[in-house]
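Okay, final22.tsv now, which holds TSV, C-alpha atoms:
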```tsv
chain	number	residue	atom	x	y	z
A	1	MET	CA	34.07	17.38	-43.56
A	2	TYR	CA	36.10	20.58	-43.20
A	3	ARG	CA	34.15	23.59	-44.57
A	4	GLN	CA	36.71	26.36	-44.89
A	5	GLN	CA	34.69	28.59	-47.18
A	6	LYS	CA	31.69	29.21	-44.93
A	7	PRO	CA	32.16	32.46	-42.99
A	8	GLY	CA	32.13	32.52	-39.20
A	9	PHE	CA	32.22	35.46	-36.81
A	10	LEU	CA	33.20	36.22	-33.23
A	11	ALA	CA	31.97	39.50	-31.72
A	12	LEU	CA	33.04	40.94	-28.36
A	13	GLU	CA	31.11	43.29	-26.11
A	14	ASP	CA	33.78	45.98	-26.63
A	15	GLY	CA	32.76	46.20	-30.31
A	16	THR	CA	35.54	44.09	-31.81
A	17	VAL	CA	34.51	41.59	-34.49
A	18	PHE	CA	36.72	38.81	-35.87
A	19	GLU	CA	35.84	37.10	-39.15
A	20	GLY	CA	37.02	33.60	-40.03
A	21	PHE	CA	35.60	30.33	-41.29
A	22	SER	CA	33.08	27.96	-39.76
A	23	ILE	CA	34.51	24.55	-38.81
A	24	GLY	CA	31.65	23.41	-36.58
A	25	ALA	CA	27.88	23.43	-36.55
A	26	ASP	CA	25.76	26.12	-38.16
A	27	GLY	CA	24.28	28.38	-35.52
A	28	GLU	CA	24.99	31.04	-32.96
A	29	ARG	CA	25.96	30.96	-29.28
A	30	ASP	CA	26.75	33.55	-26.65
A	31	GLY	CA	29.21	33.15	-23.80
A	32	GLU	CA	32.24	34.51	-22.02
A	33	VAL	CA	35.24	34.57	-24.37
A	34	VAL	CA	38.34	33.07	-22.71
A	35	PHE	CA	41.64	31.54	-23.82
A	36	ASN	CA	43.50	28.33	-23.01
A	37	THR	CA	47.29	28.03	-23.44
A	38	SER	CA	47.47	24.22	-23.63
A	39	LEU	CA	49.39	22.69	-26.53
A	40	THR	CA	47.53	19.37	-26.24
A	41	GLY	CA	44.31	18.04	-24.78
A	42	TYR	CA	41.76	19.94	-26.85
A	43	GLN	CA	39.26	17.09	-26.60
A	44	GLU	CA	39.48	17.16	-22.80
A	45	ILE	CA	38.90	20.92	-22.96
A	46	LEU	CA	35.87	20.54	-25.22
A	47	THR	CA	34.22	18.04	-22.88
A	48	ASP	CA	35.15	19.65	-19.54
A	49	PRO	CA	31.84	20.74	-17.93
A	50	SER	CA	33.70	23.64	-16.26
A	51	TYR	CA	33.61	25.40	-19.65
A	52	ARG	CA	29.82	25.62	-19.67
A	53	GLY	CA	28.87	29.12	-20.83
A	54	GLN	CA	32.28	29.91	-22.31
A	55	ILE	CA	33.66	30.41	-25.83
A	56	VAL	CA	37.17	28.94	-25.67
A	57	THR	CA	40.06	30.25	-27.77
A	58	MET	CA	43.12	28.03	-28.14
A	59	THR	CA	46.44	29.89	-28.24
A	60	TYR	CA	48.31	27.02	-29.90
A	61	PRO	CA	48.19	27.81	-33.65
A	62	MET	CA	47.09	24.42	-35.01
A	63	ILE	CA	44.40	22.29	-33.39
A	64	GLY	CA	42.90	18.97	-34.50
A	65	ASN	CA	45.95	17.14	-35.83
A	66	VAL	CA	45.33	14.02	-33.70
A	67	GLY	CA	41.59	13.93	-34.33
A	68	VAL	CA	39.19	12.74	-31.62
A	69	ASN	CA	38.58	9.43	-29.86
A	70	LEU	CA	36.27	7.87	-27.29
A	71	ASP	CA	38.90	7.49	-24.56
A	72	ASP	CA	39.80	11.13	-23.87
A	73	LEU	CA	36.31	12.38	-23.01
A	74	GLU	CA	35.85	14.21	-19.70
A	75	SER	CA	32.05	14.02	-19.94
A	76	SER	CA	29.50	12.52	-22.30
A	77	HIS	CA	29.65	15.38	-24.83
A	78	PRO	CA	31.16	18.86	-25.38
A	79	ARG	CA	29.96	21.48	-22.88
A	80	ILE	CA	31.56	24.66	-24.25
A	81	ALA	CA	29.48	27.42	-25.85
A	82	GLY	CA	31.89	27.85	-28.77
A	83	PHE	CA	35.40	27.08	-29.99
A	84	VAL	CA	37.96	29.33	-31.69
A	85	VAL	CA	41.27	28.28	-33.27
A	86	ARG	CA	43.86	29.84	-35.55
A	87	GLU	CA	44.02	26.83	-37.85
A	88	SER	CA	42.01	23.61	-37.82
A	89	SER	CA	44.06	20.73	-39.19
A	90	ARG	CA	42.65	19.17	-42.34
A	91	ILE	CA	44.46	15.92	-41.49
A	92	HIS	CA	44.01	13.86	-38.34
A	93	SER	CA	46.53	11.13	-37.63
A	94	ASN	CA	46.77	9.10	-34.43
A	95	PHE	CA	46.49	5.37	-33.67
A	96	ARG	CA	43.49	6.08	-31.39
A	97	SER	CA	41.73	8.56	-33.67
A	98	THR	CA	38.15	7.77	-34.68
A	99	GLY	CA	37.32	10.98	-36.54
A	100	SER	CA	38.15	14.60	-37.26
A	101	LEU	CA	37.73	17.53	-34.91
A	102	SER	CA	35.48	19.36	-37.38
A	103	ASP	CA	33.14	16.38	-37.76
A	104	TYR	CA	33.03	15.99	-33.98
A	105	LEU	CA	32.07	19.64	-33.50
A	106	GLN	CA	29.35	19.38	-36.11
A	107	LYS	CA	28.00	16.15	-34.64
A	108	HIS	CA	27.63	17.73	-31.20
A	109	ASN	CA	26.24	21.04	-32.46
A	110	ILE	CA	29.20	23.17	-31.34
A	111	VAL	CA	29.67	26.45	-33.22
A	112	ALA	CA	33.36	26.89	-33.99
A	113	ILE	CA	35.53	29.08	-36.20
A	114	SER	CA	39.10	29.12	-37.48
A	115	GLY	CA	41.19	31.54	-39.50
A	116	ILE	CA	41.16	34.51	-37.13
A	117	ASP	CA	44.14	36.23	-35.51
A	118	THR	CA	44.01	34.42	-32.19
A	119	ARG	CA	47.09	36.31	-30.97
A	120	ALA	CA	45.24	39.61	-31.33
A	121	LEU	CA	42.16	38.16	-29.63
A	122	VAL	CA	44.15	36.75	-26.70
A	123	ARG	CA	46.07	40.02	-26.22
A	124	ARG	CA	42.78	41.89	-26.10
A	125	ILE	CA	41.37	39.52	-23.46
A	126	ARG	CA	44.63	39.62	-21.49
A	127	ASP	CA	44.70	43.43	-21.49
A	128	ARG	CA	40.98	44.14	-21.07
A	129	GLY	CA	39.79	41.01	-19.33
A	130	ALA	CA	37.45	38.19	-20.34
A	131	GLN	CA	34.52	39.56	-22.31
A	132	LYS	CA	31.02	38.56	-23.20
A	133	GLY	CA	30.78	37.51	-26.81
A	134	VAL	CA	28.80	35.84	-29.59
A	135	ILE	CA	30.09	33.26	-32.05
A	136	SER	CA	28.00	32.81	-35.19
A	137	SER	CA	27.89	31.24	-38.61
A	138	ILE	CA	24.44	32.60	-39.45
A	139	ASP	CA	24.67	36.34	-38.77
A	140	SER	CA	27.25	38.45	-40.61
A	141	ASP	CA	26.03	41.86	-39.42
A	142	HIS	CA	28.73	43.25	-37.11
A	143	ALA	CA	26.46	45.70	-35.30
A	144	SER	CA	23.89	42.97	-34.67
A	145	LEU	CA	26.53	40.59	-33.30
A	146	VAL	CA	28.04	43.19	-30.97
A	147	ARG	CA	24.58	44.08	-29.68
A	148	LYS	CA	23.89	40.40	-28.93
A	149	ALA	CA	27.24	40.09	-27.16
A	150	ARG	CA	26.49	43.08	-24.92
A	151	ASN	CA	23.03	41.74	-24.08
A	152	SER	CA	24.25	38.23	-23.18
A	153	PRO	CA	23.97	37.29	-19.49
A	154	GLY	CA	27.64	36.61	-18.67
A	155	LEU	CA	28.74	34.32	-15.83
A	156	VAL	CA	28.61	36.39	-12.64
A	157	GLY	CA	25.69	35.48	-10.39
A	158	ARG	CA	24.52	32.55	-12.55
A	159	ASP	CA	24.16	28.97	-11.34
A	160	LEU	CA	25.65	26.99	-14.22
A	161	VAL	CA	26.21	23.91	-12.08
A	162	LYS	CA	22.57	22.88	-12.33
A	163	GLU	CA	22.99	22.76	-16.11
A	164	VAL	CA	25.81	20.18	-16.02
A	165	MET	CA	25.49	18.11	-12.83
A	166	PRO	CA	23.94	14.60	-12.95
A	167	SER	CA	20.30	14.15	-12.08
A	168	ALA	CA	20.70	11.14	-9.80
A	169	ARG	CA	23.10	9.02	-7.77
A	170	HIS	CA	25.28	6.53	-9.62
A	171	ASP	CA	28.32	4.34	-9.03
A	172	TRP	CA	31.63	4.76	-10.84
A	173	THR	CA	33.78	1.73	-11.70
A	174	THR	CA	36.01	2.82	-14.62
A	175	ASP	CA	39.75	2.75	-13.90
A	176	LEU	CA	42.49	4.88	-15.46
A	177	HIS	CA	43.37	3.89	-19.01
A	178	PRO	CA	46.55	1.76	-19.18
A	179	TYR	CA	48.38	4.41	-21.23
A	180	ALA	CA	47.42	7.06	-18.64
A	181	THR	CA	49.02	5.15	-15.76
A	182	LEU	CA	52.54	6.47	-15.26
A	183	GLY	CA	53.49	4.03	-12.55
A	184	ASN	CA	53.73	6.61	-9.76
A	185	GLU	CA	50.17	6.36	-8.51
A	186	THR	CA	49.43	4.59	-5.26
A	187	ALA	CA	48.30	1.03	-5.94
A	188	SER	CA	45.23	-0.47	-4.34
A	189	THR	CA	45.79	-1.48	-0.73
A	190	GLY	CA	43.25	-4.27	-0.80
A	191	ARG	CA	40.82	-2.22	1.24
A	192	LYS	CA	37.81	-0.58	-0.33
A	193	PRO	CA	37.36	2.90	1.13
A	194	HIS	CA	34.11	4.51	0.05
A	195	VAL	CA	34.33	7.95	-1.58
A	196	VAL	CA	31.25	10.07	-2.28
A	197	CYS	CA	31.84	12.64	-5.02
A	198	LEU	CA	29.66	15.72	-5.10
A	199	ASP	CA	29.42	16.32	-8.84
A	200	PHE	CA	29.20	20.01	-9.75
A	201	GLY	CA	30.36	19.27	-13.31
A	202	MET	CA	33.05	16.71	-12.62
A	203	LYS	CA	35.70	15.67	-15.12
A	204	TRP	CA	35.68	11.90	-15.59
A	205	ASN	CA	39.40	11.53	-14.92
A	206	ILE	CA	38.79	12.43	-11.27
A	207	PRO	CA	36.69	9.33	-10.43
A	208	ARG	CA	39.10	7.32	-12.61
A	209	HIS	CA	41.92	8.32	-10.26
A	210	LEU	CA	39.83	7.52	-7.21
A	211	ALA	CA	38.81	4.12	-8.59
A	212	HIS	CA	42.38	3.36	-9.64
A	213	ARG	CA	43.47	3.65	-6.02
A	214	GLY	CA	41.07	0.90	-5.00
A	215	ASN	CA	38.13	2.98	-3.79
A	216	ARG	CA	34.43	2.35	-4.14
A	217	VAL	CA	33.16	5.54	-5.78
A	218	THR	CA	29.63	6.90	-5.53
A	219	ILE	CA	28.63	10.06	-7.38
A	220	LEU	CA	25.86	12.33	-6.12
A	221	PRO	CA	24.44	15.45	-7.77
A	222	GLY	CA	26.01	18.68	-6.54
A	223	SER	CA	22.64	19.63	-5.10
A	224	ALA	CA	22.74	16.81	-2.53
A	225	THR	CA	22.39	17.75	1.12
A	226	ALA	CA	24.83	16.86	3.89
A	227	GLU	CA	22.29	14.36	5.20
A	228	GLU	CA	22.07	12.65	1.82
A	229	VAL	CA	25.87	12.46	1.59
A	230	LEU	CA	26.28	11.06	5.11
A	231	ALA	CA	23.50	8.52	4.47
A	232	GLN	CA	25.88	6.88	1.97
A	233	ASN	CA	28.25	6.18	4.89
A	234	PRO	CA	31.36	7.42	3.05
A	235	ASP	CA	34.93	7.29	4.31
A	236	GLY	CA	35.59	10.57	2.55
A	237	VAL	CA	33.93	13.22	0.39
A	238	PHE	CA	35.26	14.70	-2.83
A	239	LEU	CA	34.15	18.16	-4.07
A	240	SER	CA	34.42	18.39	-7.84
A	241	ASN	CA	35.23	21.06	-10.35
A	242	GLY	CA	32.42	22.83	-12.17
A	243	PRO	CA	31.50	25.95	-14.13
A	244	GLY	CA	30.93	29.58	-13.28
A	245	ASP	CA	30.54	31.70	-10.19
A	246	PRO	CA	30.72	29.77	-6.88
A	247	GLU	CA	28.93	32.30	-4.66
A	248	PRO	CA	25.37	31.63	-5.95
A	249	LEU	CA	25.73	27.94	-4.99
A	250	THR	CA	24.35	28.38	-1.49
A	251	TYR	CA	22.99	24.80	-1.40
A	252	ALA	CA	26.51	23.43	-1.97
A	253	ILE	CA	28.06	25.74	0.61
A	254	GLU	CA	25.50	24.66	3.22
A	255	CYS	CA	26.11	21.00	2.38
A	256	ILE	CA	29.87	21.34	2.84
A	257	GLN	CA	29.38	23.14	6.14
A	258	GLY	CA	27.40	20.11	7.30
A	259	LEU	CA	30.23	17.75	6.29
A	260	LEU	CA	33.29	19.51	7.71
A	261	GLY	CA	34.65	17.68	10.73
A	262	LYS	CA	32.56	14.58	10.02
A	263	LYS	CA	34.42	13.15	7.01
A	264	PRO	CA	37.74	13.84	5.24
A	265	VAL	CA	37.11	16.32	2.41
A	266	PHE	CA	39.15	16.99	-0.75
A	267	GLY	CA	38.15	19.68	-3.26
A	268	ILE	CA	39.40	20.59	-6.73
A	269	CYS	CA	38.84	23.91	-8.55
A	270	LEU	CA	35.18	24.88	-7.93
A	271	GLY	CA	35.31	22.44	-5.03
A	272	HIS	CA	38.22	24.47	-3.63
A	273	GLN	CA	36.24	27.68	-3.90
A	274	LEU	CA	33.17	26.12	-2.28
A	275	LEU	CA	35.20	24.66	0.58
A	276	SER	CA	36.71	28.10	1.19
A	277	LEU	CA	33.29	29.77	1.09
A	278	ALA	CA	31.94	27.17	3.52
A	279	ALA	CA	34.77	28.03	5.92
A	280	GLY	CA	33.97	31.76	5.74
A	281	ALA	CA	36.11	33.12	2.89
A	282	LYS	CA	34.95	35.11	-0.15
A	283	THR	CA	35.70	34.73	-3.86
A	284	PHE	CA	36.28	37.19	-6.68
A	285	LYS	CA	36.38	37.13	-10.48
A	286	LEU	CA	39.81	37.07	-12.06
A	287	LYS	CA	40.57	39.47	-14.90
A	288	PHE	CA	41.03	36.76	-17.52
A	289	GLY	CA	41.29	33.58	-15.48
A	290	HIS	CA	43.83	30.75	-15.46
A	291	ARG	CA	43.38	28.26	-18.28
A	292	GLY	CA	46.13	26.03	-19.59
A	293	ALA	CA	48.35	23.04	-18.87
A	294	ASN	CA	51.48	25.04	-18.02
A	295	GLN	CA	50.56	27.00	-14.89
A	296	PRO	CA	53.31	27.09	-12.21
A	297	VAL	CA	52.21	26.56	-8.61
A	298	LEU	CA	54.34	26.74	-5.46
A	299	ASN	CA	53.69	24.15	-2.78
A	300	CYS	CA	54.21	26.34	0.28
A	301	LEU	CA	54.65	23.31	2.53
A	302	SER	CA	57.40	21.56	0.56
A	303	GLY	CA	58.90	24.49	-1.35
A	304	LYS	CA	58.53	22.58	-4.62
A	305	VAL	CA	57.09	24.04	-7.82
A	306	GLU	CA	54.46	22.07	-9.73
A	307	ILE	CA	53.45	22.62	-13.35
A	308	THR	CA	49.69	22.28	-13.35
A	309	SER	CA	46.60	22.20	-15.52
A	310	GLN	CA	44.10	24.92	-14.63
A	311	ASN	CA	40.70	26.15	-15.71
A	312	HIS	CA	38.96	28.75	-13.57
A	313	GLY	CA	37.79	32.33	-13.75
A	314	PHE	CA	37.24	32.89	-10.02
A	315	ALA	CA	39.59	32.69	-7.05
A	316	VAL	CA	39.52	32.84	-3.25
A	317	GLU	CA	40.06	36.33	-1.83
A	318	GLU	CA	43.09	36.25	0.45
A	319	GLU	CA	41.98	39.22	2.57
A	320	SER	CA	38.83	37.33	3.52
A	321	LEU	CA	40.55	34.08	4.46
A	322	PRO	CA	39.39	32.96	7.92
A	323	ASP	CA	41.89	31.90	10.59
A	324	CYS	CA	40.81	28.27	10.23
A	325	LEU	CA	42.26	28.05	6.69
A	326	GLU	CA	45.97	27.85	5.88
A	327	ILE	CA	47.34	28.64	2.41
A	328	THR	CA	49.19	25.59	1.06
A	329	HIS	CA	49.72	26.53	-2.60
A	330	ARG	CA	50.16	29.73	-4.62
A	331	ASN	CA	49.87	30.46	-8.32
A	332	LEU	CA	53.28	31.81	-9.32
A	333	ASN	CA	51.91	33.87	-12.22
A	334	ASP	CA	49.85	36.21	-10.02
A	335	ASN	CA	50.37	34.97	-6.43
A	336	THR	CA	46.70	34.10	-5.97
A	337	ILE	CA	45.70	31.29	-3.62
A	338	ALA	CA	46.04	27.90	-5.31
A	339	GLY	CA	45.38	25.65	-2.32
A	340	VAL	CA	44.22	25.65	1.31
A	341	ARG	CA	43.84	23.24	4.19
A	342	HIS	CA	41.63	23.47	7.23
A	343	LYS	CA	43.53	23.75	10.50
A	344	GLN	CA	40.84	22.17	12.66
A	345	VAL	CA	39.33	19.38	10.56
A	346	ASN	CA	40.51	17.02	7.81
A	347	ALA	CA	39.80	19.08	4.69
A	348	PHE	CA	41.97	20.49	1.92
A	349	SER	CA	41.60	21.73	-1.63
A	350	VAL	CA	43.49	23.07	-4.64
A	351	GLN	CA	42.65	25.57	-7.37
A	352	TYR	CA	43.96	23.39	-10.20
A	353	HIS	CA	43.58	19.93	-11.74
A	354	PRO	CA	45.89	17.17	-10.46
A	355	GLU	CA	43.85	14.64	-12.45
A	356	ALA	CA	44.68	16.25	-15.82
A	357	SER	CA	44.54	13.39	-18.32
A	358	ALA	CA	46.42	15.36	-20.97
A	359	GLY	CA	49.05	16.27	-18.36
A	360	PRO	CA	51.03	17.48	-16.60
A	361	HIS	CA	51.13	14.95	-13.75
A	362	ASP	CA	53.20	16.78	-11.12
A	363	SER	CA	50.30	16.95	-8.66
A	364	SER	CA	48.97	13.39	-8.58
A	365	TYR	CA	50.36	13.13	-5.03
A	366	LEU	CA	47.26	15.01	-3.87
A	367	PHE	CA	45.16	11.93	-4.60
A	368	ASP	CA	47.63	9.91	-2.54
A	369	GLN	CA	47.26	12.42	0.28
A	370	PHE	CA	43.48	12.04	0.18
A	371	GLN	CA	43.88	8.26	-0.04
A	372	SER	CA	45.80	8.22	3.23
A	373	SER	CA	42.87	9.99	4.89
A	374	LEU	CA	40.46	7.43	3.45
A	375	ILE	CA	42.51	4.48	4.65
A	376	ASN	CA	42.74	5.95	8.12
A	377	ALA	CA	38.99	6.51	8.13
A	378	THR	CA	38.38	2.95	6.98
A	379	ALA	CA	40.67	1.55	9.67
A	380	SER	CA	38.81	3.48	12.36
A	381	HIS	CA	35.44	1.91	11.43
```

What would the structure in this file look like if it were written as structure tokens?
Amino acid sequence: MYRQQKPGFLALEDGTVFEGFSIGADGERDGEVVFNTSLTGYQEILTDPSYRGQIVTMTYPMIGNVGVNLDDLESSHPRIAGFVVRESSRIHSNFRSTGSLSDYLQKHNIVAISGIDTRALVRRIRDRGAQKGVISSIDSDHASLVRKARNSPGLVGRDLVKEVMPSARHDWTTDLHPYATLGNETASTGRKPHVVCLDFGMKWNIPRHLAHRGNRVTILPGSATAEEVLAQNPDGVFLSNGPGDPEPLTYAIECIQGLLGKKPVFGICLGHQLLSLAAGAKTFKLKFGHRGANQPVLNCLSGKVEITSQNHGFAVEEESLPDCLEITHRNLNDNTIAGVRHKQVNAFSVQYHPEASAGPHDSSYLFDQFQSSLINATASH
């Protein structure tokens, strides 16, 4: 149950220490301290493998009021390093709820704290950038915690994908949940295009969308080679989201280079960065990243603005963009690249999450766009 009286601490590498109360497991974790501006969807955030190695702060002041359930998982268990909220609700009330947030965190050994000034923490990250940190319920010595934060490895140059990707090939058959179907998705055509997903830490709602459109979905580890992908005889290849720095993932970049021009390719988030790297671009680390369900994106091709869900700390460097890539979307908060398409082969990608199960759903048309490519590929066989 909720344990408000047990102290919990969050220390940043700049020497700042916040003291609150433990609402999760006893223990200590290090990671990059980031913030997410979503009002809903905390369970999806907890279980998103892209958050591997990160201590996530929620900006919304009360978290946990709808509890947790088995339907809103984005992977088998939470992947975050730690969780920070202003207030953890003592009451959980929802017709799908199967337990409390605090119990869920304890069950899955996630260190979490509440009761700190999250506004002050977020302003510090916004002004100074994402920082290495330590979250603890077992060490109350401020100097010790700050020292641990400064000595933690951070994200740059690390391959976190190998810590979250599946170990073997498997098939996906689960459709979208009935309450998640808004009626604007493309229905099955009766054909069964075959999609191979390269899983770098994929959110489950992505293969749900692909299956919902009538596809046969095969998932391969992100370490698969181009030859292994092509041996599955796919009609198209999906490049998933995932955690951390994309540039160390040379095996994935080489695989994508071996696929371009041979099969239609669609990438999301880390998949977008890897597709861009494979085409010759470079990436860089954002000051504090884009994380939330209210990020405005301009579709440069249609002129429409989409409200999107995002979670990334790296972006594609525009100055390095090769001639073969065209910018299709821009983040309206900072004008960074939010989508590209290849001018010479059938490949495109976006730096956000059109599959977002907690919403918004403005960008689900991207799955329809990919579906058209799959149907055309199937018809040509």

Using only C-alpha atoms, can you tell me which of A:Gly20, A:Gly267, A:Gly129, A:Gly303 comes closest to Leu286 of chain A? A:Gly129

For segment 259-264 of chain A: contacts at 6 Å, all atoms listed in the file, fewer than 5 positions along chain excluded, given as a list of chain:residue names: A:Ala226, A:Gly236, A:Val345, A:Asn346, A:Ala347

Can you tell me, as a ChimeraX atom specification, what residues are no more than 7 Å from segment 84-95 of chain A when counting only C-alpha atoms, ignoring any on the same chain fewer than 6 positions away? /A:2,56-58,61-67,112-118

Distance query segment 74-82 of chain A at most 8 Å, only C-alpha atoms, self and fewer than 5 positions along chain excluded, as number ranges by chain: A: 29-31, 44, 46-56, 108, 110-112, 135, 202-205

Could you tell me how far atom CA of Ala11 of chain A sits from atom CA of Thr59 of chain A, in Å to one decimal place?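 Here the two named atoms are 17.7 Å from each other.
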
Between atom CA of Gly242 of chain A and atom CA of Ser357 of chain A, measure the distance and give it in Å to one decimal.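 Taking atom CA of Gly242 of chain A as the start and atom CA of Ser357 of chain A as the end point, the length is 16.5 Å.
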
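Across the structure, atom CA of Arg128 of chain A and atom CA of Arg147 of chain A are spaced 18.5 Å apart.
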
Tell me which protein, DNA and RNA residues are within 10 Å of Gly271 of chain A, counting all atoms listed in the file, leaving out same-chain ones fewer than 3 positions away, and put them as a list in words.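 Using all atoms listed in the file, the neighbours found are Leu198, Asp199, Phe200, Met202, Phe238, Leu239, Ser240, Asn241, Gly242, Pro246, Ala252, Ile253, Ile256, Val265, Phe266, Gly267, Ile268, Leu274, Leu275, Ser276, Leu277, Phe348, Ser349, Val350 and Gln351 of chain A.
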
Selection: 9 Å around segment 151-153 of chain A, all atoms listed in the file, excl. self and same-chain fewer than 5 positions, as a compact mmCIF listing (two decimals) with C-alpha atoms, in the frame of the given file:
```
# COMPACT_ATOMS: atom_id res chain seq x y z
CA GLU A 13 31.11 43.29 -26.11
CA ASP A 30 26.75 33.55 -26.65
CA GLY A 31 29.21 33.15 -23.80
CA GLU A 32 32.24 34.51 -22.02
CA LYS A 132 31.02 38.56 -23.20
CA GLY A 133 30.78 37.51 -26.81
CA VAL A 134 28.80 35.84 -29.59
CA VAL A 146 28.04 43.19 -30.97
CA ARG A 158 24.52 32.55 -12.55
```

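Using all atoms listed in the file, the shortest contact distance between Arg208 of chain A and any of A:Leu220, A:Leu73, A:Leu10, A:Leu145 is found at A:Leu73.
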
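Look at everything within 10 Å of (42.3, 29.5, 14.3) using only C-alpha atoms, and the residues you get are A:Pro322, A:Asp323, A:Cys324, A:Leu325, A:Glu326, A:His342, A:Lys343, A:Gln344.
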
Out of A:Glu247, A:Glu163, A:Glu28, A:Glu227, which residue has the shortest atom-to-atom distance to Ile138 of chain A when counting all atoms listed in the file?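 Closest to Ile138 of chain A of all the choices is A:Glu28.
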
With distances taken over only C-alpha atoms, the candidate from A:Met165, A:Val156, A:Ala224, A:Leu176 nearest Thr283 of chain A is A:Val156

With all atoms listed in the file as the basis for distance, which of A:Ser363, A:Phe18, A:Leu12, A:Phe314 is at the shortest distance from Lys148 of chain A?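 Counting all atoms listed in the file, the residue closest to Lys148 of chain A is A:Leu12.
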
Can segment 288-293 of chain A be brought up to all heavy atoms and written out as a compact mmCIF listing (two decimals), in the frame of the given file?
```txt
# COMPACT_ATOMS: atom_id res chain seq x y z
N PHE A 288 41.21 37.63 -16.35
CA PHE A 288 41.03 36.76 -17.52
C PHE A 288 41.19 35.28 -17.18
O PHE A 288 41.22 34.43 -18.05
CB PHE A 288 41.98 37.13 -18.66
CG PHE A 288 43.43 37.27 -18.27
CD1 PHE A 288 44.23 36.18 -18.12
CD2 PHE A 288 43.97 38.53 -18.05
CE1 PHE A 288 45.56 36.30 -17.76
CE2 PHE A 288 45.31 38.68 -17.70
CZ PHE A 288 46.11 37.56 -17.55
N GLY A 289 41.30 34.97 -15.90
CA GLY A 289 41.29 33.58 -15.48
C GLY A 289 42.62 32.86 -15.73
O GLY A 289 43.55 33.41 -16.30
N HIS A 290 42.67 31.62 -15.26
CA HIS A 290 43.83 30.75 -15.46
C HIS A 290 43.35 29.53 -16.23
O HIS A 290 42.59 28.72 -15.71
CB HIS A 290 44.40 30.30 -14.12
CG HIS A 290 44.80 31.42 -13.20
ND1 HIS A 290 44.76 31.30 -11.83
CD2 HIS A 290 45.25 32.66 -13.47
CE1 HIS A 290 45.17 32.44 -11.27
NE2 HIS A 290 45.46 33.29 -12.25
N ARG A 291 43.81 29.39 -17.46
CA ARG A 291 43.38 28.26 -18.28
C ARG A 291 44.54 27.78 -19.14
O ARG A 291 44.97 28.48 -20.04
CB ARG A 291 42.18 28.65 -19.16
CG ARG A 291 40.97 29.06 -18.33
CD ARG A 291 39.82 29.53 -19.20
NE ARG A 291 38.71 29.93 -18.36
CZ ARG A 291 38.55 31.16 -17.86
NH1 ARG A 291 39.44 32.11 -18.14
NH2 ARG A 291 37.51 31.44 -17.09
N GLY A 292 45.02 26.58 -18.84
CA GLY A 292 46.13 26.03 -19.59
C GLY A 292 46.75 24.88 -18.83
O GLY A 292 46.42 24.62 -17.67
N ALA A 293 47.70 24.20 -19.48
CA ALA A 293 48.35 23.04 -18.87
C ALA A 293 49.79 23.36 -18.47
O ALA A 293 50.60 22.45 -18.31
CB ALA A 293 48.34 21.87 -19.85
```
